[in-house]
Amino acid sequence: MTEPGASPEDPWVKVEYAYSDNSLDPDDEDSDYHQESYKESYKDRRRLAHTQAEQKRRDAIKRGYDDLQTIVPTCQQQDFSIGSQKLSKAIVLQKTIDYIQFLHKEKKKQEEEVSTLRKDVTALKIMKVNYEQIVKAHQDNVHEGEDQISDQVKFNVFQGIMDSLFESFNASISVASFQELSACVFSWIEEHCKPQTLREIVIGVLHQLKNQLY
């Protein structure tokens with residue numbers, strides 16, 4: 001309070017007014033300072049954490065591209081179009097895609113080859129079984145070949161049949177004209193090449209050869 005008779009412009013009165021004002025309390029000023037410092041520190045920590053996370057992400061991506069260049073053979077081959085420059089990320093990705101597509105094609109090709117080989121193996125197994133059966137049958141009938149006739153006898157049978165047919169053919173065919181020849185041929189076939197007629201000819205030839213052999 002202002003003492004009676006004190007002038008408002010008295011210095012001591014001004015000091016009293018200053019200390020009586022809550023907005024100028026020293027404790028409040030310290031509190032505001034600490035709050036501002038905490039806010040700034042929190043922002044710095046968040047900014048630092050974000051920077052570190054971003055750096056880790058970039059390092060991981062870089063390691064990934066480095067691994068791709070090591071693993072993909074085409075990335076290790078020199079590309080004369082770019083000289084000795086380092087491969088860009090776009091080129092590394094494109095070469096990786098091309099190499100993966102190449103591997104897929106090779107895999108499909110190998111699967112087709114394996115399928116073909118399996119079929120060949122199956123066929124060979126069937127052939128093996130058949131040959132084993134043939135060998136076994138031959139071993140079981142080793143003495144049956146003693147009565148086998150020669151190829152000459154087979155030819156004699158064919159010759160006898162043809163001789164008999166030619167005799168009737170020669171007796172039935174007229175060569176006065178081509179038209180008459182054609183008509184005679186068809187008539188001879190209808191008359192002398194019937195199944196029953198051919199059967200009789202074959203029986204006669206076989207009977208004749210049998211008498212000659214035995």
# chains A, B, ... in the order shown; residues from 1 in each chain; ligands from 1

$ residues_around --residues "Pro73 of chain A" --least-positions-apart "5" --cutoff "12 Å" --atoms "only C-alpha atoms" --output "list in words"
Asp67, Leu68, Gln78, Val92, Lys95, Thr96, Asp98, Tyr99, Ile100, Phe102 and Leu103 of chain A

$ closest_atom_pairs --of "segment 42-159 of chain A" --to "segment 199-210 of chain A" --cutoff "9 Å" --atoms "only C-alpha atoms" --output "Markdown table"
| residue | atom | partner | partner_atom | distance |
| --- | --- | --- | --- | --- |
| A:Val153 | CA | A:Leu209 | CA | 8.0 |
| A:Asn156 | CA | A:Leu209 | CA | 8.0 |
| A:Val157 | CA | A:Val205 | CA | 6.4 |
| A:Phe158 | CA | A:Val205 | CA | 8.8 |

$ atom_distance --atom1 "atom CA of Trp188 of chain A" --atom2 "atom CA of Ser164 of chain A"
13.0 Å

$ atom_distance --atom1 "atom CA of Asp66 of chain A" --atom2 "atom CA of Lys107 of chain A"
25.7 Å
